[in-house]
>>> print(open('structure_19.cif').read())   # mmCIF, C-alpha atoms
data_upload
#
loop_
_atom_site.group_PDB
_atom_site.id
_atom_site.type_symbol
_atom_site.label_atom_id
_atom_site.label_comp_id
_atom_site.auth_asym_id
_atom_site.auth_seq_id
_atom_site.Cartn_x
_atom_site.Cartn_y
_atom_site.Cartn_z
ATOM 1 C CA ALA A 9 78.389 109.297 108.207
ATOM 2 C CA VAL A 10 78.394 105.659 109.315
ATOM 3 C CA ARG A 11 75.014 106.035 111.063
ATOM 4 C CA ARG A 12 73.539 107.737 107.984
ATOM 5 C CA CYS A 13 74.962 105.016 105.755
ATOM 6 C CA LEU A 14 73.445 102.265 107.921
ATOM 7 C CA ALA A 15 70.135 104.116 108.102
ATOM 8 C CA GLY A 16 70.069 104.451 104.310
ATOM 9 C CA LEU A 17 70.801 100.768 103.894
ATOM 10 C CA SER A 18 68.200 99.643 106.358
ATOM 11 C CA MET A 19 65.449 102.011 105.145
ATOM 12 C CA GLY A 20 65.909 102.644 101.454
ATOM 13 C CA MET A 21 68.315 100.295 99.759
ATOM 14 C CA VAL A 22 67.280 96.848 100.971
ATOM 15 C CA MET A 23 65.494 94.711 98.395
ATOM 16 C CA GLY A 24 61.713 94.672 98.645
ATOM 17 C CA SER A 25 59.263 91.910 97.669
ATOM 18 C CA TYR A 26 61.455 88.783 97.302
ATOM 19 C CA GLU A 27 61.183 86.172 100.083
ATOM 20 C CA PRO A 28 64.763 85.004 100.892
ATOM 21 C CA LYS A 29 65.438 81.261 101.093
ATOM 22 C CA ILE A 30 67.777 81.699 104.097
ATOM 23 C CA GLU A 31 66.549 82.784 107.524
ATOM 24 C CA ALA A 32 68.798 85.516 108.962
ATOM 25 C CA SER A 33 68.521 84.203 112.532
ATOM 26 C CA THR A 34 69.951 80.797 111.574
ATOM 27 C CA PHE A 35 72.387 81.879 108.835
ATOM 28 C CA ASP A 36 75.796 80.180 109.037
ATOM 29 C CA PRO A 37 78.405 81.326 106.453
ATOM 30 C CA ALA A 38 80.126 77.943 106.857
ATOM 31 C CA LEU A 39 77.166 76.336 105.042
ATOM 32 C CA VAL A 40 77.796 78.470 101.935
ATOM 33 C CA ALA A 41 79.536 76.604 99.113
ATOM 34 C CA VAL A 42 80.718 78.142 95.857
ATOM 35 C CA SER A 43 81.285 76.097 92.705
ATOM 36 C CA GLU A 44 82.867 77.168 89.433
ATOM 37 C CA ILE A 45 80.950 76.250 86.288
ATOM 38 C CA GLY A 46 82.369 76.809 82.786
ATOM 39 C CA ASP A 47 85.580 76.071 80.931
ATOM 40 C CA THR A 48 86.832 79.562 80.076
ATOM 41 C CA ALA A 49 86.700 83.090 81.496
ATOM 42 C CA GLU A 50 83.957 83.832 78.956
ATOM 43 C CA THR A 51 81.707 81.024 80.232
ATOM 44 C CA MET A 52 82.770 80.797 83.895
ATOM 45 C CA ARG A 53 80.133 81.342 86.588
ATOM 46 C CA LEU A 54 80.500 81.034 90.341
ATOM 47 C CA VAL A 55 77.287 79.541 91.702
ATOM 48 C CA MET A 56 76.339 79.478 95.367
ATOM 49 C CA THR A 57 74.606 76.812 97.407
ATOM 50 C CA TYR A 58 73.540 76.881 101.037
ATOM 51 C CA GLY A 59 73.211 73.534 102.760
ATOM 52 C CA GLY A 60 73.278 71.967 99.284
ATOM 53 C CA ASP A 61 70.431 74.060 97.828
ATOM 54 C CA PRO A 62 71.012 76.678 95.079
ATOM 55 C CA VAL A 63 70.761 80.244 96.408
ATOM 56 C CA SER A 64 71.332 83.779 95.226
ATOM 57 C CA PRO A 65 74.192 85.716 96.851
ATOM 58 C CA TRP A 66 72.144 88.850 96.191
ATOM 59 C CA HIS A 67 68.644 87.862 97.323
ATOM 60 C CA ASP A 68 69.012 84.897 99.704
ATOM 61 C CA VAL A 69 72.056 85.709 101.839
ATOM 62 C CA PRO A 70 70.766 87.790 104.789
ATOM 63 C CA PHE A 71 71.385 91.545 104.759
ATOM 64 C CA SER A 72 72.485 91.426 108.408
ATOM 65 C CA PRO A 73 73.663 88.289 110.195
ATOM 66 C CA GLY A 74 73.396 90.059 113.569
ATOM 67 C CA ALA A 75 75.591 92.374 115.620
ATOM 68 C CA THR A 76 78.793 92.409 117.638
ATOM 69 C CA ALA A 77 78.735 92.003 121.436
ATOM 70 C CA ASP A 78 78.567 95.810 121.810
ATOM 71 C CA GLY A 79 75.602 96.067 119.422
ATOM 72 C CA THR A 80 77.458 97.228 116.279
ATOM 73 C CA PRO A 81 75.432 95.974 113.291
ATOM 74 C CA LEU A 82 77.124 93.442 111.010
ATOM 75 C CA LEU A 83 76.355 93.145 107.299
ATOM 76 C CA SER A 84 76.821 90.258 104.859
ATOM 77 C CA PHE A 85 79.697 90.975 102.449
ATOM 78 C CA VAL A 86 79.825 88.835 99.285
ATOM 79 C CA CYS A 87 83.373 88.750 97.879
ATOM 80 C CA GLU A 88 83.528 89.436 94.145
ATOM 81 C CA ILE A 89 87.123 90.619 93.610
ATOM 82 C CA PRO A 90 89.855 89.428 96.011
ATOM 83 C CA VAL A 91 92.805 91.689 96.793
ATOM 84 C CA GLY A 92 95.623 91.018 94.302
ATOM 85 C CA THR A 93 93.383 90.097 91.340
ATOM 86 C CA ARG A 94 92.383 92.047 88.221
ATOM 87 C CA ALA A 95 89.270 90.386 86.751
ATOM 88 C CA LYS A 96 86.197 92.633 87.290
ATOM 89 C CA MET A 97 83.752 90.097 88.699
ATOM 90 C CA GLU A 98 80.243 90.893 89.897
ATOM 91 C CA ILE A 99 76.941 89.396 90.926
ATOM 92 C CA HIS A 100 74.967 89.065 87.701
ATOM 93 C CA LYS A 101 71.504 90.515 88.158
ATOM 94 C CA SER A 102 69.671 88.755 85.316
ATOM 95 C CA TYR A 103 70.975 85.159 85.476
ATOM 96 C CA GLU A 104 69.053 82.673 87.614
ATOM 97 C CA ASN A 105 70.299 82.717 91.236
ATOM 98 C CA ASN A 106 72.620 85.631 90.366
ATOM 99 C CA PRO A 107 75.978 83.851 89.915
ATOM 100 C CA ILE A 108 79.219 85.820 90.041
ATOM 101 C CA VAL A 109 80.584 86.339 86.523
ATOM 102 C CA GLN A 110 83.243 88.482 84.880
ATOM 103 C CA ASP A 111 81.736 91.798 83.816
ATOM 104 C CA ARG A 112 81.881 92.800 80.161
ATOM 105 C CA HIS A 113 82.461 96.009 78.244
ATOM 106 C CA LYS A 114 79.720 97.193 75.897
ATOM 107 C CA ASP A 115 81.579 95.468 73.023
ATOM 108 C CA GLY A 116 81.397 92.099 74.849
ATOM 109 C CA THR A 117 85.043 91.858 75.910
ATOM 110 C CA LEU A 118 85.826 90.894 79.489
ATOM 111 C CA ARG A 119 86.520 93.709 81.964
ATOM 112 C CA ALA A 120 89.584 93.865 84.208
ATOM 113 C CA TYR A 121 91.185 96.542 86.332
ATOM 114 C CA ALA A 122 93.210 98.710 83.971
ATOM 115 C CA TYR A 123 95.702 100.054 86.509
ATOM 116 C CA GLY A 124 96.889 96.873 88.199
ATOM 117 C CA GLU A 125 95.634 94.474 90.808
ATOM 118 C CA SER A 126 92.938 95.317 93.326
ATOM 119 C CA ILE A 127 94.410 96.686 96.559
ATOM 120 C CA VAL A 128 91.301 95.762 98.597
ATOM 121 C CA ASN A 129 88.762 92.975 98.712
ATOM 122 C CA TYR A 130 85.788 94.227 96.721
ATOM 123 C CA GLY A 131 82.232 92.998 96.762
ATOM 124 C CA ALA A 132 78.631 93.742 97.622
ATOM 125 C CA ILE A 133 76.241 93.825 100.554
ATOM 126 C CA ALA A 134 73.540 91.156 100.204
ATOM 127 C CA GLN A 135 69.915 92.241 99.716
ATOM 128 C CA THR A 136 70.770 95.825 98.748
ATOM 129 C CA TRP A 137 70.213 97.794 95.568
ATOM 130 C CA GLU A 138 71.266 101.290 94.584
ATOM 131 C CA ASP A 139 68.215 102.857 92.978
ATOM 132 C CA PRO A 140 69.197 105.058 90.003
ATOM 133 C CA ARG A 141 66.145 107.269 90.701
ATOM 134 C CA ALA A 142 67.096 107.953 94.336
ATOM 135 C CA LYS A 143 69.418 110.968 94.414
ATOM 136 C CA ASP A 144 72.134 111.089 97.098
ATOM 137 C CA PRO A 145 71.781 114.284 99.179
ATOM 138 C CA ASP A 146 75.547 114.972 99.020
ATOM 139 C CA THR A 147 76.240 114.254 95.335
ATOM 140 C CA ALA A 148 72.799 114.623 93.720
ATOM 141 C CA LEU A 149 73.587 111.412 91.802
ATOM 142 C CA GLY A 150 71.439 108.301 91.593
ATOM 143 C CA GLY A 151 72.564 104.758 92.324
ATOM 144 C CA ASP A 152 74.197 102.475 89.769
ATOM 145 C CA ASN A 153 71.376 99.870 89.645
ATOM 146 C CA ASP A 154 73.542 97.264 91.426
ATOM 147 C CA PRO A 155 73.931 95.950 94.965
ATOM 148 C CA VAL A 156 75.761 98.351 97.312
ATOM 149 C CA ASP A 157 79.538 98.157 96.728
ATOM 150 C CA VAL A 158 82.004 97.366 99.513
ATOM 151 C CA LEU A 159 85.740 97.877 99.895
ATOM 152 C CA GLN A 160 86.792 95.397 102.561
ATOM 153 C CA LEU A 161 89.986 96.451 104.322
ATOM 154 C CA ASN A 162 91.823 93.205 104.911
ATOM 155 C CA ALA A 163 95.382 92.161 104.056
ATOM 156 C CA ARG A 164 94.285 88.646 103.075
ATOM 157 C CA PRO A 165 92.379 87.921 99.867
ATOM 158 C CA CYS A 166 88.799 86.771 100.356
ATOM 159 C CA PRO A 167 87.905 83.689 98.346
ATOM 160 C CA ARG A 168 85.572 84.737 95.517
ATOM 161 C CA GLY A 169 81.926 84.102 96.381
ATOM 162 C CA THR A 170 82.443 83.723 100.107
ATOM 163 C CA VAL A 171 80.185 85.509 102.557
ATOM 164 C CA GLN A 172 81.803 87.341 105.441
ATOM 165 C CA ARG A 173 80.380 89.332 108.326
ATOM 166 C CA VAL A 174 81.606 92.937 108.148
ATOM 167 C CA ARG A 175 80.981 96.189 109.982
ATOM 168 C CA VAL A 176 80.745 99.573 108.321
ATOM 169 C CA LEU A 177 83.663 101.898 109.023
ATOM 170 C CA GLY A 178 82.613 104.710 106.717
ATOM 171 C CA ALA A 179 81.010 105.590 103.416
ATOM 172 C CA LEU A 180 82.260 107.046 100.134
ATOM 173 C CA ALA A 181 80.015 108.969 97.781
#
>>> encode(input="structure_19.cif", output="structure tokens")
Amino acid sequence: AVRRCLAGLSMGMVMGSYEPKIEASTFDPALVAVSEIGDTAETMRLVMTYGGDPVSPWHDVPFSPGATADGTPLLSFVCEIPVGTRAKMEIHKSYENNPIVQDRHKDGTLRAYAYGESIVNYGAIAQTWEDPRAKDPDTALGGDNDPVDVLQLNARPCPRGTVQRVRVLGALA
């Protein structure tokens, strides 16, 4: 399942025609800075810079920052919801440079986890997109029109907006 998941990511779910501002071969997560803009939860945006220049966590952060010593591929995980928090944050697809914002219900109210705090770090893989028209062979369902979701298994909360190198352990459909 892990090989199929990685194959699907590398062949069918990676973003297409955009030219990323960050070169994968020189990417250094330590050069990523995240700033909070806005006074309230309703107006707050987390914006990302790389080496001082504005970048998109979705389009500019490399899909893969390399591999482990044994050749296991690593992917770029963008933290949206740290373990122990409730606000449903996500990369916003239509704002310039795709800041991380709190998601909203159809009526405009802010979304939060209804059943308590997140028990995992939650986020997305950079430069991916789940195509609603592409049906999964196991579920026959299309994607959700967002970057590929990630549940990062780590006891420590990830700071919102940070980029971490992760390896795939499995896939959920």
>>> residues_around(input="structure_19.cif", residues="Tyr58 of chain A", least_positions_apart="3", cutoff="10 Å", atoms="all atoms listed in the file", output="list in words")
Lys29, Ile30, Phe35, Asp36, Pro37, Ala38, Leu39, Val40, Ala41, Val42, Asp61, Pro62, Val63, Ser64, Pro65, Asp68 and Val69 of chain A
>>> residues_near_point(input="structure_19.cif", point="(80.8, 90.7, 94.2)", cutoff="7 Å", atoms="only C-alpha atoms", output="list in words")
Val86, Cys87, Glu88, Ile89, Met97, Glu98, Ile99, Ile108, Tyr130, Gly131 and Ala132 of chain A
>>> write_last_selection(input="structure_19.cif", atoms="C-alpha atoms", output="compact mmCIF listing (two decimals), keeping the file's coordinate frame")
# COMPACT_ATOMS: atom_id res chain seq x y z
CA VAL A 86 79.82 88.84 99.28
CA CYS A 87 83.37 88.75 97.88
CA GLU A 88 83.53 89.44 94.14
CA ILE A 89 87.12 90.62 93.61
CA MET A 97 83.75 90.10 88.70
CA GLU A 98 80.24 90.89 89.90
CA ILE A 99 76.94 89.40 90.93
CA ILE A 108 79.22 85.82 90.04
CA TYR A 130 85.79 94.23 96.72
CA GLY A 131 82.23 93.00 96.76
CA ALA A 132 78.63 93.74 97.62
>>> residues_around(input="structure_19.cif", residues="Thr80 of chain A", least_positions_apart="4", cutoff="10 Å", atoms="all atoms listed in the file", output="PyMOL selection string")
chain A and resi 74-76+175-176
>>> closest_residue(input="structure_19.cif", among="A:Thr57, A:Thr48, A:Ser84, A:Asn153", to="Ala32 of chain A", atoms="all atoms listed in the file")
A:Ser84
>>> residues_around(input="structure_19.cif", residues="Asp139 of chain A", least_positions_apart="2", cutoff="6 Å", atoms="all atoms listed in the file", output="VMD selection string")
chain A and resid 141 to 142 151 153
>>> closest_residue(input="structure_19.cif", among="A:Thr51, A:Ser25, A:Asn106, A:Ser43", to="Leu118 of chain A", atoms="all atoms listed in the file")
A:Thr51
>>> resolve_selection(input="structure_19.cif", expression="the PyMOL selection byres ((chain A and resi 122) around 12)", output="ChimeraX atom specification")
/A:93-96,118-121,123-126
>>> residues_near_point(input="structure_19.cif", point="(81.2, 84.0, 76.1)", cutoff="10 Å", atoms="all atoms listed in the file", output="compact mmCIF listing (two decimals) with C-alpha atoms, keeping the file's coordinate frame")
# COMPACT_ATOMS: atom_id res chain seq x y z
CA GLY A 46 82.37 76.81 82.79
CA THR A 48 86.83 79.56 80.08
CA ALA A 49 86.70 83.09 81.50
CA GLU A 50 83.96 83.83 78.96
CA THR A 51 81.71 81.02 80.23
CA MET A 52 82.77 80.80 83.90
CA ARG A 112 81.88 92.80 80.16
CA GLY A 116 81.40 92.10 74.85
CA THR A 117 85.04 91.86 75.91
CA LEU A 118 85.83 90.89 79.49
>>> build_atoms(input="structure_19.cif", residues="segment 53-73 of chain A", atoms="N, CA, C and O atoms", output="PDB file, keeping the file's coordinate frame")
ATOM      1  N   ARG A  53      81.073  80.795  85.621  1.00  0.00           N
ATOM      2  CA  ARG A  53      80.133  81.342  86.588  1.00  0.00           C
ATOM      3  C   ARG A  53      80.439  80.724  87.943  1.00  0.00           C
ATOM      4  O   ARG A  53      80.709  79.534  88.043  1.00  0.00           O
ATOM      5  N   LEU A  54      80.388  81.538  88.972  1.00  0.00           N
ATOM      6  CA  LEU A  54      80.500  81.034  90.341  1.00  0.00           C
ATOM      7  C   LEU A  54      79.087  80.951  90.891  1.00  0.00           C
ATOM      8  O   LEU A  54      78.408  81.984  91.014  1.00  0.00           O
ATOM      9  N   VAL A  55      78.640  79.738  91.198  1.00  0.00           N
ATOM     10  CA  VAL A  55      77.287  79.541  91.702  1.00  0.00           C
ATOM     11  C   VAL A  55      77.352  79.193  93.183  1.00  0.00           C
ATOM     12  O   VAL A  55      78.291  78.548  93.647  1.00  0.00           O
ATOM     13  N   MET A  56      76.349  79.640  93.923  1.00  0.00           N
ATOM     14  CA  MET A  56      76.339  79.478  95.367  1.00  0.00           C
ATOM     15  C   MET A  56      75.251  78.492  95.781  1.00  0.00           C
ATOM     16  O   MET A  56      74.147  78.509  95.238  1.00  0.00           O
ATOM     17  N   THR A  57      75.600  77.649  96.754  1.00  0.00           N
ATOM     18  CA  THR A  57      74.606  76.812  97.407  1.00  0.00           C
ATOM     19  C   THR A  57      74.686  77.053  98.904  1.00  0.00           C
ATOM     20  O   THR A  57      75.712  77.490  99.423  1.00  0.00           O
ATOM     21  N   TYR A  58      73.595  76.756  99.580  1.00  0.00           N
ATOM     22  CA  TYR A  58      73.540  76.881 101.037  1.00  0.00           C
ATOM     23  C   TYR A  58      72.917  75.599 101.557  1.00  0.00           C
ATOM     24  O   TYR A  58      71.759  75.303 101.247  1.00  0.00           O
ATOM     25  N   GLY A  59      73.693  74.829 102.290  1.00  0.00           N
ATOM     26  CA  GLY A  59      73.211  73.534 102.760  1.00  0.00           C
ATOM     27  C   GLY A  59      72.852  72.611 101.612  1.00  0.00           C
ATOM     28  O   GLY A  59      71.979  71.772 101.733  1.00  0.00           O
ATOM     29  N   GLY A  60      73.508  72.799 100.457  1.00  0.00           N
ATOM     30  CA  GLY A  60      73.278  71.967  99.284  1.00  0.00           C
ATOM     31  C   GLY A  60      72.237  72.482  98.322  1.00  0.00           C
ATOM     32  O   GLY A  60      72.101  71.969  97.215  1.00  0.00           O
ATOM     33  N   ASP A  61      71.477  73.511  98.691  1.00  0.00           N
ATOM     34  CA  ASP A  61      70.431  74.060  97.828  1.00  0.00           C
ATOM     35  C   ASP A  61      70.934  75.309  97.106  1.00  0.00           C
ATOM     36  O   ASP A  61      71.592  76.149  97.716  1.00  0.00           O
ATOM     37  N   PRO A  62      70.603  75.467  95.804  1.00  0.00           N
ATOM     38  CA  PRO A  62      71.012  76.678  95.079  1.00  0.00           C
ATOM     39  C   PRO A  62      70.398  77.927  95.704  1.00  0.00           C
ATOM     40  O   PRO A  62      69.215  77.933  96.052  1.00  0.00           O
ATOM     41  N   VAL A  63      71.223  78.966  95.862  1.00  0.00           N
ATOM     42  CA  VAL A  63      70.761  80.244  96.408  1.00  0.00           C
ATOM     43  C   VAL A  63      71.394  81.394  95.647  1.00  0.00           C
ATOM     44  O   VAL A  63      72.403  81.225  94.963  1.00  0.00           O
ATOM     45  N   SER A  64      70.811  82.549  95.821  1.00  0.00           N
ATOM     46  CA  SER A  64      71.332  83.779  95.226  1.00  0.00           C
ATOM     47  C   SER A  64      72.161  84.529  96.265  1.00  0.00           C
ATOM     48  O   SER A  64      71.665  84.806  97.359  1.00  0.00           O
ATOM     49  N   PRO A  65      73.415  84.908  95.918  1.00  0.00           N
ATOM     50  CA  PRO A  65      74.192  85.716  96.851  1.00  0.00           C
ATOM     51  C   PRO A  65      73.586  87.105  97.048  1.00  0.00           C
ATOM     52  O   PRO A  65      73.842  87.755  98.055  1.00  0.00           O
ATOM     53  N   TRP A  66      72.760  87.529  96.113  1.00  0.00           N
ATOM     54  CA  TRP A  66      72.144  88.850  96.191  1.00  0.00           C
ATOM     55  C   TRP A  66      70.851  88.819  97.005  1.00  0.00           C
ATOM     56  O   TRP A  66      70.635  89.650  97.880  1.00  0.00           O
ATOM     57  N   HIS A  67      69.976  87.871  96.721  1.00  0.00           N
ATOM     58  CA  HIS A  67      68.644  87.862  97.323  1.00  0.00           C
ATOM     59  C   HIS A  67      68.484  86.968  98.543  1.00  0.00           C
ATOM     60  O   HIS A  67      67.631  87.229  99.383  1.00  0.00           O
ATOM     61  N   ASP A  68      69.251  85.878  98.647  1.00  0.00           N
ATOM     62  CA  ASP A  68      69.012  84.897  99.704  1.00  0.00           C
ATOM     63  C   ASP A  68      69.935  85.028 100.909  1.00  0.00           C
ATOM     64  O   ASP A  68      69.541  84.683 102.022  1.00  0.00           O
ATOM     65  N   VAL A  69      71.155  85.488 100.704  1.00  0.00           N
ATOM     66  CA  VAL A  69      72.056  85.709 101.839  1.00  0.00           C
ATOM     67  C   VAL A  69      71.469  86.863 102.651  1.00  0.00           C
ATOM     68  O   VAL A  69      71.093  87.884 102.081  1.00  0.00           O
ATOM     69  N   PRO A  70      71.366  86.723 103.982  1.00  0.00           N
ATOM     70  CA  PRO A  70      70.766  87.790 104.789  1.00  0.00           C
ATOM     71  C   PRO A  70      71.539  89.109 104.707  1.00  0.00           C
ATOM     72  O   PRO A  70      72.771  89.115 104.640  1.00  0.00           O
ATOM     73  N   PHE A  71      70.792  90.209 104.728  1.00  0.00           N
ATOM     74  CA  PHE A  71      71.385  91.545 104.759  1.00  0.00           C
ATOM     75  C   PHE A  71      72.263  91.695 105.999  1.00  0.00           C
ATOM     76  O   PHE A  71      73.399  92.134 105.925  1.00  0.00           O
ATOM     77  N   SER A  72      71.733  91.316 107.157  1.00  0.00           N
ATOM     78  CA  SER A  72      72.485  91.426 108.408  1.00  0.00           C
ATOM     79  C   SER A  72      72.449  90.094 109.137  1.00  0.00           C
ATOM     80  O   SER A  72      71.365  89.606 109.460  1.00  0.00           O
ATOM     81  N   PRO A  73      73.625  89.534 109.419  1.00  0.00           N
ATOM     82  CA  PRO A  73      73.663  88.289 110.195  1.00  0.00           C
ATOM     83  C   PRO A  73      73.682  88.536 111.701  1.00  0.00           C
ATOM     84  O   PRO A  73      73.946  87.630 112.475  1.00  0.00           O
TER      85      PRO A  73
END
